[in-house]
$ cat query10.txt   # compact mmCIF, C-alpha atoms (C1' of nucleotides)
# COMPACT_ATOMS: atom_id res chain seq x y z
CA MET A 1 -4.59 -5.21 -11.60
CA SER A 2 -5.74 -5.46 -8.00
CA LEU A 3 -8.59 -3.01 -8.41
CA ARG A 4 -10.02 -5.19 -11.13
CA TYR A 5 -10.20 -8.22 -8.84
CA ALA A 6 -11.47 -6.22 -5.91
CA LEU A 7 -14.42 -5.20 -8.10
CA LEU A 8 -14.99 -8.74 -9.33
CA GLY A 9 -14.96 -9.89 -5.71
CA LEU A 10 -17.55 -7.36 -4.63
CA LEU A 11 -19.73 -8.18 -7.63
CA SER A 12 -19.45 -11.90 -6.95
CA GLU A 13 -21.37 -11.26 -3.76
CA ARG A 14 -24.17 -9.48 -5.60
CA PRO A 15 -24.75 -7.10 -8.55
CA ALA A 16 -24.22 -3.39 -7.95
CA SER A 17 -23.81 -0.02 -9.64
CA GLY A 18 -20.56 1.93 -9.77
CA TYR A 19 -21.98 4.29 -7.20
CA ALA A 20 -22.82 1.46 -4.80
CA LEU A 21 -19.41 -0.12 -5.32
CA THR A 22 -17.75 3.17 -4.49
CA GLN A 23 -19.65 3.25 -1.21
CA ARG A 24 -18.75 -0.31 -0.37
CA PHE A 25 -15.09 0.53 -0.91
CA GLU A 26 -15.44 3.44 1.47
CA GLN A 27 -17.15 1.39 4.15
CA SER A 28 -15.14 -1.77 4.19
CA LEU A 29 -12.25 -2.53 1.83
CA GLN A 30 -10.78 0.93 2.15
CA LYS A 31 -10.12 0.61 5.85
CA TYR A 32 -7.64 -2.21 5.81
CA ALA A 33 -7.24 -3.70 2.36
CA TRP A 34 -7.53 -1.48 -0.68
CA HIS A 35 -8.36 2.12 -1.43
CA ALA A 36 -10.09 3.34 -4.58
CA ASN A 37 -12.28 6.25 -5.55
CA HIS A 38 -15.04 6.65 -8.09
CA SER A 39 -12.87 8.17 -10.80
CA GLN A 40 -10.95 4.92 -10.91
CA ILE A 41 -13.91 2.60 -10.43
CA TYR A 42 -16.09 3.80 -13.31
CA PRO A 43 -13.47 3.40 -16.05
CA GLU A 44 -12.45 0.01 -14.68
CA LEU A 45 -16.05 -1.22 -14.77
CA ALA A 46 -16.22 -0.15 -18.41
CA LYS A 47 -13.06 -2.13 -19.14
CA LEU A 48 -14.36 -5.18 -17.29
CA ALA A 49 -17.54 -5.03 -19.36
CA ALA A 50 -15.52 -4.70 -22.57
CA ASP A 51 -13.57 -7.82 -21.53
CA GLY A 52 -16.77 -9.73 -20.84
CA LEU A 53 -16.05 -10.25 -17.14
CA VAL A 54 -19.10 -8.27 -16.06
CA THR A 55 -22.36 -7.24 -17.79
CA VAL A 56 -24.94 -4.54 -17.34
CA VAL A 57 -28.07 -6.24 -16.02
CA GLU A 58 -30.21 -3.20 -15.37
CA GLU A 59 -30.39 0.47 -16.31
CA GLY A 60 -32.20 2.57 -13.73
CA ALA A 61 -32.97 6.19 -13.01
CA ARG A 62 -30.30 8.88 -13.48
CA GLY A 63 -28.35 6.68 -15.85
CA ARG A 64 -27.65 4.09 -13.20
CA ARG A 65 -26.20 0.86 -14.53
CA THR A 66 -26.22 -2.25 -12.41
CA TYR A 67 -23.36 -4.63 -13.18
CA ALA A 68 -23.24 -8.36 -12.53
CA ILE A 69 -20.28 -10.70 -12.72
CA THR A 70 -20.26 -13.24 -15.58
CA ASP A 71 -19.04 -16.83 -15.53
CA ALA A 72 -15.86 -15.64 -17.26
CA GLY A 73 -15.49 -13.07 -14.49
CA ARG A 74 -15.83 -15.67 -11.76
CA GLU A 75 -13.28 -17.83 -13.47
CA ALA A 76 -10.85 -14.90 -13.87
CA LEU A 77 -11.16 -14.11 -10.16
CA ARG A 78 -10.60 -17.71 -9.12
CA GLU A 79 -7.63 -18.01 -11.47
CA TRP A 80 -6.03 -14.89 -10.04
CA LEU A 81 -6.52 -15.95 -6.46
CA LEU A 82 -5.14 -19.42 -7.00
CA THR A 83 -2.21 -18.78 -9.30
CA SER A 84 -0.69 -15.37 -8.62
CA GLY A 85 -0.07 -15.28 -4.91
CA GLY A 86 3.61 -16.09 -4.71
CA GLY A 87 5.09 -12.98 -6.27
CA PRO A 88 6.98 -10.31 -4.35
CA ARG A 89 4.73 -8.62 -1.83
CA ARG A 90 4.50 -4.93 -2.43
CA VAL A 91 3.48 -3.27 0.76
CA ARG A 92 2.90 0.42 0.93
CA ASN A 93 1.60 1.60 4.23
CA GLU A 94 2.28 5.10 5.39
CA ALA A 95 1.35 4.33 8.99
CA VAL A 96 4.02 1.64 9.11
CA LEU A 97 6.56 3.92 7.46
CA ARG A 98 5.93 6.46 10.20
CA THR A 99 6.56 3.71 12.69
CA PHE A 100 9.89 3.09 11.08
CA LEU A 101 10.81 6.75 11.20
CA LEU A 102 9.70 7.19 14.78
CA SER A 103 13.15 6.52 16.15
CA THR A 104 14.54 9.55 14.31
CA LEU A 105 12.60 11.76 16.73
CA GLU A 106 13.48 13.01 20.19
CA PRO A 107 11.96 10.65 22.77
CA ALA A 108 9.50 13.31 23.92
CA ASP A 109 8.21 13.80 20.36
CA ALA A 110 8.04 10.06 19.79
CA ALA A 111 6.04 9.60 22.98
CA LEU A 112 3.57 12.24 21.80
CA LEU A 113 2.98 10.41 18.54
CA LEU A 114 2.77 7.02 20.22
CA ARG A 115 0.12 8.21 22.63
CA GLY A 116 -1.90 9.30 19.62
CA TYR A 117 -1.45 5.85 18.06
CA VAL A 118 -2.57 4.09 21.20
CA ASP A 119 -5.76 6.14 21.34
CA ARG A 120 -6.54 5.92 17.68
CA SER A 121 -5.97 2.19 17.41
CA ALA A 122 -8.17 1.62 20.45
CA ARG A 123 -10.99 3.44 18.69
CA ASP A 124 -10.41 1.65 15.37
CA LEU A 125 -10.37 -1.67 17.15
CA ALA A 126 -13.64 -0.99 18.93
CA GLU A 127 -15.25 0.04 15.66
CA LEU A 128 -14.20 -3.14 13.90
CA GLN A 129 -15.18 -5.32 16.82
CA ALA A 130 -18.68 -3.93 16.52
CA VAL A 131 -18.71 -4.97 12.86
CA VAL A 132 -17.59 -8.47 13.83
CA ALA A 133 -20.29 -8.69 16.48
CA ASP A 134 -22.90 -7.83 13.84
CA LEU A 135 -21.55 -10.45 11.46
CA GLU A 136 -21.51 -13.01 14.23
CA ALA A 137 -25.10 -12.25 15.17
CA SER A 138 -26.41 -12.64 11.62
CA GLU A 139 -24.42 -15.85 11.33
CA GLN A 140 -26.06 -17.26 14.44
CA ALA A 141 -29.39 -16.23 12.94
CA GLY A 142 -28.68 -18.66 10.13
CA GLU A 143 -27.69 -16.31 7.30
CA PRO A 144 -25.16 -17.82 4.88
CA GLN A 145 -22.56 -15.09 5.47
CA ARG A 146 -20.12 -15.88 2.72
CA PHE A 147 -18.33 -12.58 2.65
CA GLY A 148 -16.43 -10.38 4.98
CA ARG A 149 -16.13 -12.52 8.10
CA PHE A 150 -12.55 -13.57 7.39
CA ALA A 151 -11.53 -10.07 6.44
CA ALA A 152 -13.14 -8.49 9.49
CA GLU A 153 -11.43 -10.96 11.80
CA PHE A 154 -8.19 -10.20 10.04
CA GLY A 155 -8.68 -6.48 10.63
CA VAL A 156 -9.43 -7.00 14.30
CA ARG A 157 -6.25 -8.98 14.82
CA GLN A 158 -4.14 -6.46 12.93
CA TYR A 159 -5.50 -3.53 14.90
CA ALA A 160 -5.08 -5.39 18.17
CA ALA A 161 -1.45 -6.16 17.29
CA PHE A 162 -0.87 -2.53 16.37
CA HIS A 163 -2.42 -1.35 19.60
CA ASP A 164 -0.26 -3.68 21.67
CA TRP A 165 2.82 -2.63 19.77
CA ALA A 166 2.12 1.07 20.31
CA GLN A 167 1.79 0.48 24.06
CA TRP A 168 4.99 -1.51 24.14
CA ALA A 169 6.84 1.20 22.20
CA LEU A 170 5.42 3.95 24.39
CA ALA A 171 6.56 2.17 27.54
CA ARG A 172 10.02 1.83 26.05
CA VAL A 173 10.22 5.50 25.08
CA GLU A 174 8.93 6.62 28.44
CA SER A 175 11.46 4.56 30.31
CA ALA A 176 14.14 6.34 28.27
CA THR A 177 12.86 9.77 29.37
CA PRO A 178 11.68 9.05 32.90
CA ASP A 179 9.83 12.23 33.64
CA GLU A 180 10.26 14.57 30.71
CA GLY A 181 12.84 17.02 31.98
CA ASP A 182 12.71 16.14 35.65
CA GLY A 183 16.47 16.00 35.98
CA GLN A 184 16.44 12.33 37.04
CA GLU A 185 18.51 11.46 33.96
CA SER A 186 19.98 8.00 34.40
CA GLY A 187 22.75 8.35 31.79
CA ALA A 188 24.53 5.19 30.49
CA MET B 1 5.49 12.30 -0.68
CA SER B 2 6.20 9.26 1.46
CA LEU B 3 9.24 8.19 -0.52
CA ARG B 4 10.83 11.53 0.18
CA TYR B 5 10.52 11.08 3.94
CA ALA B 6 11.56 7.46 3.83
CA LEU B 7 14.81 8.63 2.22
CA LEU B 8 15.28 11.43 4.73
CA GLY B 9 14.74 8.91 7.50
CA LEU B 10 17.35 6.53 6.18
CA LEU B 11 19.80 9.37 5.66
CA SER B 12 19.18 10.68 9.16
CA GLU B 13 20.75 7.48 10.42
CA ARG B 14 23.87 7.98 8.32
CA PRO B 15 24.96 9.31 4.90
CA ALA B 16 24.63 6.94 1.96
CA SER B 17 24.65 6.72 -1.83
CA GLY B 18 21.59 6.05 -3.97
CA TYR B 19 22.88 2.56 -4.53
CA ALA B 20 23.21 1.88 -0.82
CA LEU B 21 19.77 3.34 -0.13
CA THR B 22 18.27 1.07 -2.75
CA GLN B 23 19.76 -1.91 -0.96
CA ARG B 24 18.52 -0.76 2.40
CA PHE B 25 15.03 -0.49 0.97
CA GLU B 26 15.30 -4.03 -0.31
CA GLN B 27 16.52 -5.42 2.97
CA SER B 28 14.28 -3.72 5.46
CA LEU B 29 11.65 -1.12 4.59
CA GLN B 30 10.43 -3.04 1.59
CA LYS B 31 9.29 -6.01 3.62
CA TYR B 32 6.64 -4.37 5.71
CA ALA B 33 6.54 -0.62 5.23
CA TRP B 34 7.36 0.85 1.85
CA HIS B 35 8.55 -0.40 -1.49
CA ALA B 36 10.71 1.57 -3.91
CA ASN B 37 13.23 0.77 -6.60
CA HIS B 38 16.27 2.58 -7.85
CA SER B 39 14.58 4.27 -10.81
CA GLN B 40 12.45 6.15 -8.31
CA ILE B 41 15.14 6.73 -5.70
CA TYR B 42 17.74 8.43 -7.89
CA PRO B 43 15.44 11.16 -9.23
CA GLU B 44 14.01 11.77 -5.76
CA LEU B 45 17.50 12.23 -4.31
CA ALA B 46 18.19 14.81 -7.01
CA LYS B 47 15.01 16.66 -6.05
CA LEU B 48 15.85 16.53 -2.36
CA ALA B 49 19.25 18.00 -3.15
CA ALA B 50 17.66 20.73 -5.26
CA ASP B 51 15.39 21.55 -2.30
CA GLY B 52 18.35 21.72 0.08
CA LEU B 53 17.15 18.85 2.28
CA VAL B 54 20.18 16.72 1.48
CA THR B 55 23.68 17.48 0.12
CA VAL B 56 26.37 15.55 -1.65
CA VAL B 57 29.18 15.07 0.85
CA GLU B 58 31.45 12.83 -1.17
CA GLU B 59 32.03 11.77 -4.76
CA GLY B 60 33.66 8.39 -5.04
CA ALA B 61 34.61 5.86 -7.68
CA ARG B 62 32.25 5.05 -10.55
CA GLY B 63 30.42 8.34 -10.11
CA ARG B 64 29.20 7.42 -6.65
CA ARG B 65 27.68 10.32 -4.74
CA THR B 66 27.21 10.06 -1.01
CA TYR B 67 24.31 12.13 0.29
CA ALA B 68 23.87 13.47 3.81
CA ILE B 69 20.78 15.00 5.37
CA THR B 70 20.94 18.74 6.12
CA ASP B 71 19.47 20.59 9.09
CA ALA B 72 16.63 21.69 6.83
CA GLY B 73 16.10 18.04 5.94
CA ARG B 74 15.94 16.97 9.58
CA GLU B 75 13.46 19.71 10.29
CA ALA B 76 11.32 18.74 7.29
CA LEU B 77 11.23 15.13 8.48
CA ARG B 78 10.33 16.08 12.02
CA GLU B 79 7.65 18.46 10.78
CA TRP B 80 6.10 15.77 8.60
CA LEU B 81 6.08 13.17 11.34
CA LEU B 82 4.55 15.48 13.91
CA THR B 83 1.97 17.34 11.86
CA SER B 84 0.62 15.16 9.09
CA GLY B 85 -0.44 11.95 10.79
CA GLY B 86 -4.17 12.46 11.11
CA GLY B 87 -5.19 12.36 7.46
CA PRO B 88 -7.13 9.53 5.85
CA ARG B 89 -5.12 6.32 5.93
CA ARG B 90 -4.60 4.96 2.48
CA VAL B 91 -3.89 1.30 2.76
CA ARG B 92 -3.10 -0.77 -0.28
CA ASN B 93 -2.09 -4.28 0.53
CA GLU B 94 -2.62 -7.01 -1.99
CA ALA B 95 -2.18 -9.78 0.57
CA VAL B 96 -5.03 -8.36 2.62
CA LEU B 97 -7.19 -7.92 -0.45
CA ARG B 98 -6.70 -11.59 -1.22
CA THR B 99 -7.83 -12.33 2.31
CA PHE B 100 -10.98 -10.40 1.65
CA LEU B 101 -11.66 -12.28 -1.56
CA LEU B 102 -10.93 -15.68 -0.05
CA SER B 103 -14.56 -16.28 0.80
CA THR B 104 -15.51 -16.13 -2.88
CA LEU B 105 -13.70 -19.45 -3.37
CA GLU B 106 -14.89 -23.01 -2.84
CA PRO B 107 -13.86 -24.16 0.65
CA ALA B 108 -11.34 -26.65 -0.79
CA ASP B 109 -9.62 -23.89 -2.81
CA ALA B 110 -9.65 -21.55 0.15
CA ALA B 111 -8.06 -24.21 2.35
CA LEU B 112 -5.31 -24.69 -0.21
CA LEU B 113 -4.46 -21.00 -0.16
CA LEU B 114 -4.67 -20.74 3.60
CA ARG B 115 -2.26 -23.62 4.08
CA GLY B 116 0.19 -21.70 1.89
CA TYR B 117 -0.33 -18.58 4.04
CA VAL B 118 0.30 -20.49 7.25
CA ASP B 119 3.58 -21.87 5.92
CA ARG B 120 4.77 -18.65 4.41
CA SER B 121 3.99 -16.51 7.41
CA ALA B 122 5.78 -18.98 9.67
CA ARG B 123 8.90 -18.58 7.57
CA ASP B 124 8.59 -14.78 7.41
CA LEU B 125 8.12 -14.64 11.14
CA ALA B 126 11.18 -16.75 11.83
CA GLU B 127 13.25 -14.54 9.53
CA LEU B 128 12.20 -11.36 11.27
CA GLN B 129 12.66 -12.84 14.70
CA ALA B 130 16.26 -13.53 13.77
CA VAL B 131 16.65 -9.85 12.86
CA VAL B 132 15.18 -8.84 16.21
CA ALA B 133 17.53 -11.20 18.03
CA ASP B 134 20.48 -9.53 16.29
CA LEU B 135 19.26 -6.08 17.21
CA GLU B 136 18.71 -7.17 20.78
CA ALA B 137 22.20 -8.60 21.01
CA SER B 138 23.89 -5.44 19.74
CA GLU B 139 21.73 -3.43 22.10
CA GLN B 140 22.90 -5.49 25.06
CA ALA B 141 26.44 -4.94 23.85
CA GLY B 142 25.88 -1.24 24.43
CA GLU B 143 25.40 0.05 20.89
CA PRO B 144 23.07 3.05 20.70
CA GLN B 145 20.61 1.34 18.31
CA ARG B 146 18.51 4.29 17.33
CA PHE B 147 16.94 2.80 14.28
CA GLY B 148 14.93 -0.21 13.34
CA ARG B 149 14.14 -1.79 16.68
CA PHE B 150 10.60 -0.40 16.82
CA ALA B 151 9.93 -1.29 13.22
CA ALA B 152 11.28 -4.81 13.56
CA GLU B 153 9.15 -5.44 16.63
CA PHE B 154 6.20 -4.09 14.72
CA GLY B 155 6.87 -6.50 11.88
CA VAL B 156 7.15 -9.46 14.22
CA ARG B 157 3.81 -8.68 15.80
CA GLN B 158 2.10 -8.18 12.45
CA TYR B 159 3.41 -11.45 11.06
CA ALA B 160 2.48 -13.30 14.23
CA ALA B 161 -1.05 -11.91 14.03
CA PHE B 162 -1.29 -12.90 10.38
CA HIS B 163 -0.04 -16.38 11.13
CA ASP B 164 -2.59 -16.85 13.91
CA TRP B 165 -5.35 -15.52 11.72
CA ALA B 166 -4.47 -17.90 8.87
CA GLN B 167 -4.60 -20.86 11.25
CA TRP B 168 -7.93 -19.72 12.64
CA ALA B 169 -9.35 -19.28 9.13
CA LEU B 170 -8.01 -22.65 8.00
CA ALA B 171 -9.63 -24.41 10.95
CA ARG B 172 -12.90 -22.72 10.10
CA VAL B 173 -12.73 -23.70 6.44
CA GLU B 174 -11.76 -27.25 7.26
CA SER B 175 -14.63 -27.69 9.64
CA ALA B 176 -16.92 -26.66 6.76
CA THR B 177 -15.49 -29.41 4.49
CA PRO B 178 -14.76 -32.19 6.99
CA ASP B 179 -12.81 -34.57 4.83
CA GLU B 180 -12.53 -33.20 1.32
CA GLY B 181 -14.73 -35.52 -0.75
CA ASP B 182 -14.88 -38.45 1.63
CA GLY B 183 -18.62 -38.86 1.20
CA GLN B 184 -19.29 -37.94 4.84
CA GLU B 185 -21.11 -34.83 3.62
CA SER B 186 -23.11 -33.42 6.49
CA GLY B 187 -25.34 -31.22 4.35
CA ALA B 188 -27.64 -28.89 6.34
C1' DG C 1 40.77 -9.81 -20.40
C1' DC C 2 36.33 -11.49 -18.60
C1' DG C 3 32.50 -11.82 -15.57
C1' DT C 4 30.39 -9.75 -11.61
C1' DT C 5 29.09 -6.17 -8.90
C1' DC C 6 28.88 -1.26 -8.27
C1' DA C 7 26.70 2.75 -9.70
C1' DT C 8 23.74 5.90 -12.06
C1' DG C 9 20.50 7.28 -15.00
C1' DT C 10 16.17 7.87 -18.60
C1' DA C 11 11.75 6.69 -21.21
C1' DA C 12 7.39 4.66 -21.83
C1' DA C 13 3.53 2.92 -19.82
C1' DT C 14 0.45 2.07 -16.09
C1' DG C 15 -1.86 3.10 -11.88
C1' DG C 16 -3.86 6.47 -8.88
C1' DT C 17 -5.35 11.31 -7.11
C1' DT C 18 -7.42 15.65 -7.50
C1' DA C 19 -10.19 18.69 -9.63
C1' DC C 20 -13.57 19.77 -12.85
C1' DA C 21 -18.07 18.91 -14.91
C1' DT C 22 -22.86 17.65 -15.51
C1' DG C 23 -27.44 16.51 -14.75
C1' DA C 24 -31.44 13.76 -12.86
C1' DT C 25 -34.23 12.71 -8.75
C1' DT C 26 -35.94 13.14 -4.29
C1' DC C 27 -37.30 15.45 -0.25
C1' DC C 28 -38.91 19.47 1.75
C1' DG D 1 -38.38 25.94 -6.52
C1' DG D 2 -34.13 24.84 -3.88
C1' DA D 3 -30.92 21.85 -1.44
C1' DA D 4 -29.13 17.41 -0.87
C1' DT D 5 -28.12 13.19 -2.75
C1' DC D 6 -27.68 10.00 -6.53
C1' DA D 7 -25.10 8.97 -10.42
C1' DT D 8 -21.68 9.14 -13.95
C1' DG D 9 -17.94 10.71 -16.27
C1' DT D 10 -13.23 13.14 -18.03
C1' DA D 11 -8.66 15.61 -17.82
C1' DA D 12 -4.45 16.91 -15.82
C1' DC D 13 -1.24 15.69 -12.84
C1' DC D 14 1.67 12.89 -9.92
C1' DA D 15 3.57 8.31 -8.42
C1' DT D 16 5.23 3.95 -9.63
C1' DT D 17 6.83 0.05 -12.59
C1' DT D 18 9.25 -1.99 -16.23
C1' DA D 19 12.48 -1.88 -19.52
C1' DC D 20 16.32 0.03 -21.64
C1' DA D 21 20.99 1.90 -21.33
C1' DT D 22 25.72 2.77 -19.97
C1' DG D 23 30.09 2.37 -18.01
C1' DA D 24 33.65 2.07 -14.23
C1' DA D 25 36.00 -0.91 -10.86
C1' DC D 26 37.17 -5.26 -8.85
C1' DG D 27 38.41 -10.08 -8.44
C1' DC D 28 40.17 -13.80 -10.80

$ encode --input "query10.txt" --output "structure tokens"
Amino acid sequence: MSLRYALLGLLSERPASGYALTQRFEQSLQKYAWHANHSQIYPELAKLAADGLVTVVEEGARGRRTYAITDAGREALREWLLTSGGGPRRVRNEAVLRTFLLSTLEPADAALLLRGYVDRSARDLAELQAVVADLEASEQAGEPQRFGRFAAEFGVRQYAAFHDWAQWALARVESATPDEGDGQESGA
Amino acid sequence: MSLRYALLGLLSERPASGYALTQRFEQSLQKYAWHANHSQIYPELAKLAADGLVTVVEEGARGRRTYAITDAGREALREWLLTSGGGPRRVRNEAVLRTFLLSTLEPADAALLLRGYVDRSARDLAELQAVVADLEASEQAGEPQRFGRFAAEFGVRQYAAFHDWAQWALARVESATPDEGDGQESGA
DNA sequence: GCGTTCATGTAAATGGTTACATGATTCC
DNA sequence: GGAATCATGTAACCATTTACATGAACGC
């Protein structure tokens, strides 16, 4: 069901074609919230239209159809957001699973992975911070900025927390293997 | 594929039955890393056994089978952790999606939801911090503590970041609707 | 003996990924 | 005219959820 509401959310910002929605998934939602590809998006748009939650407002070149959210669609989105939040949270995050499994590795292997995490999260964080800076600038310039600011801030804080964690974990692993085979083994 | 490695990881700690593994998913992994239920776990254990990555080491009462990881299983887990980390990250987190969609709501509705998030994340955080305290205590007591410490710390930091974000977002929303229908409307 | 928990499975349906498929338009 | 991009779709497969199903052991 989530895909359906992700699409309604994007369309509530402004009308778009399936192609454009696919790109917006790739550029924003995909990174920290929800992944979807075009082969899932097109059929779902057709279903949403059949249910009257969106309508085709324009047919352009190459068979392009621009969809817009309807009043019923807005109401369905609001309803979902307000009523169905308390259920069991189903997280599925491979990066976090890897985190969990890290301690099954030899310390040297774990350190290798953690160094990669530190680097990668630093880059991800910088990327997102640039996005936030852009949003902030256009906000200062007086644009209404309804969408994306909350989510971007959320992403920044998550990445920052991940980065800090990876450094903490790396320090811990390194203190367990002082010098990687130096002989200085402080057993017990 | 992730489920497979989650199971190998749990079994690398110690042998267990499908029933016990299901419970361990419910108590730990499920909360912040990976969700799975028994109807998925049992068939996957059978496949792992067929592939020689685990073996049945004991058959107990009520048809209970205790599985243990094999050397091939350990190697497969290590291989997966070390080689396949760089692919595209596929995140799917409904809580985060809701975050993203929050700005489609009226400020009053958004504030309502955010207050719920603040409360809930405070409770989740406290719960996890208790787990960490337990782990820390048994660590001090000299137990080897291979598993779970990294992941628990990770969870604590994620929840803390979420909690802080929710408070930040709530403050922002509340400053946009000063007094919720008091008449003091400071329109543009 | 009766209820609860332990313990394992399977089947149908849904959700999601990968691969295949097609063709129009635009830019060069 | 040829390559890249725009634009949409479908089919087969795999992963996951929900519901159904069964029975042994344990505590009372």

$ atom_distance --input "query10.txt" --atom1 "CA of Asp134 in chain A" --atom2 "CA of Ala160 in chain B"
26.0 Å

$ closest_atom_pairs --input "query10.txt" --of "chain B" --to "chain D" --cutoff "8 Å" --atoms "only C-alpha atoms (C1' of nucleotides)" --output "tab-separated table"
residue	atom	partner	partner_atom	distance
B:Gln40	CA	D:DT16	C1'	7.7
B:Ala61	CA	D:DA25	C1'	7.6
B:Arg62	CA	D:DA24	C1'	4.9

$ closest_residue --input "query10.txt" --among "A:Lys47, A:Tyr5, A:Arg64, A:Pro15" --to "chain C" --atoms "all atoms listed in the file"
A:Arg64

$ closest_residue --input "query10.txt" --among "A:Glu153, A:Glu143, A:Glu59, A:Glu174" --to "chain B" --atoms "only C-alpha atoms"
A:Glu153

$ closest_atom_pairs --input "query10.txt" --of "chain B" --to "chain C" --cutoff "10 Å" --atoms "all atoms listed in the file" --output "JSON lines"
{"residue": "B:Ser17", "atom": "CA", "partner": "C:DA7", "partner_atom": "C1'", "distance": 9.0}
{"residue": "B:Gly18", "atom": "CA", "partner": "C:DA7", "partner_atom": "C1'", "distance": 8.4}
{"residue": "B:Tyr19", "atom": "CA", "partner": "C:DA7", "partner_atom": "C1'", "distance": 6.4}
{"residue": "B:Ala20", "atom": "CA", "partner": "C:DA7", "partner_atom": "C1'", "distance": 9.6}
{"residue": "B:His38", "atom": "CA", "partner": "C:DT8", "partner_atom": "C1'", "distance": 9.2}
{"residue": "B:Ser39", "atom": "CA", "partner": "C:DG9", "partner_atom": "C1'", "distance": 7.9}
{"residue": "B:Tyr42", "atom": "CA", "partner": "C:DG9", "partner_atom": "C1'", "distance": 7.7}
{"residue": "B:Pro43", "atom": "CA", "partner": "C:DG9", "partner_atom": "C1'", "distance": 8.6}
{"residue": "B:Ala61", "atom": "CA", "partner": "C:DA7", "partner_atom": "C1'", "distance": 8.7}
{"residue": "B:Arg62", "atom": "CA", "partner": "C:DA7", "partner_atom": "C1'", "distance": 6.1}
{"residue": "B:Gly63", "atom": "CA", "partner": "C:DA7", "partner_atom": "C1'", "distance": 6.7}
{"residue": "B:Arg64", "atom": "CA", "partner": "C:DA7", "partner_atom": "C1'", "distance": 6.1}
{"residue": "B:Arg65", "atom": "CA", "partner": "C:DA7", "partner_atom": "C1'", "distance": 9.1}

$ build_atoms --input "query10.txt" --residues "range 124-128 of chain B" --atoms "all heavy atoms" --output "mmCIF file, keeping the file's coordinate frame"
data_model
loop_
_atom_site.group_PDB
_atom_site.id
_atom_site.type_symbol
_atom_site.label_atom_id
_atom_site.label_comp_id
_atom_site.auth_asym_id
_atom_site.auth_seq_id
_atom_site.Cartn_x
_atom_site.Cartn_y
_atom_site.Cartn_z
ATOM 1 N N ASP B 124 8.346 -16.220 7.293
ATOM 2 C CA ASP B 124 8.590 -14.780 7.410
ATOM 3 C C ASP B 124 8.823 -14.384 8.861
ATOM 4 O O ASP B 124 9.710 -13.582 9.176
ATOM 5 C CB ASP B 124 7.378 -13.992 6.890
ATOM 6 C CG ASP B 124 7.258 -14.080 5.385
ATOM 7 O OD1 ASP B 124 8.252 -14.433 4.722
ATOM 8 O OD2 ASP B 124 6.155 -13.805 4.865
ATOM 9 N N LEU B 125 8.021 -14.964 9.726
ATOM 10 C CA LEU B 125 8.120 -14.640 11.140
ATOM 11 C C LEU B 125 9.479 -15.051 11.701
ATOM 12 O O LEU B 125 10.146 -14.273 12.396
ATOM 13 C CB LEU B 125 6.994 -15.352 11.898
ATOM 14 C CG LEU B 125 6.885 -15.090 13.401
ATOM 15 C CD1 LEU B 125 6.741 -13.605 13.675
ATOM 16 C CD2 LEU B 125 5.674 -15.834 13.977
ATOM 17 N N ALA B 126 9.904 -16.253 11.336
ATOM 18 C CA ALA B 126 11.180 -16.750 11.830
ATOM 19 C C ALA B 126 12.323 -15.832 11.361
ATOM 20 O O ALA B 126 13.227 -15.483 12.125
ATOM 21 C CB ALA B 126 11.419 -18.176 11.334
ATOM 22 N N GLU B 127 12.234 -15.416 10.103
ATOM 23 C CA GLU B 127 13.250 -14.540 9.530
ATOM 24 C C GLU B 127 13.355 -13.224 10.308
ATOM 25 O O GLU B 127 14.437 -12.792 10.691
ATOM 26 C CB GLU B 127 12.849 -14.243 8.077
ATOM 27 C CG GLU B 127 13.987 -13.918 7.138
ATOM 28 C CD GLU B 127 13.436 -13.628 5.733
ATOM 29 O OE1 GLU B 127 12.929 -14.568 5.074
ATOM 30 O OE2 GLU B 127 13.483 -12.463 5.321
ATOM 31 N N LEU B 128 12.217 -12.633 10.563
ATOM 32 C CA LEU B 128 12.200 -11.360 11.270
ATOM 33 C C LEU B 128 12.630 -11.510 12.724
ATOM 34 O O LEU B 128 13.303 -10.638 13.278
ATOM 35 C CB LEU B 128 10.805 -10.748 11.224
ATOM 36 C CG LEU B 128 10.660 -9.464 10.432
ATOM 37 C CD1 LEU B 128 9.264 -8.906 10.595
ATOM 38 C CD2 LEU B 128 11.677 -8.423 10.858
#
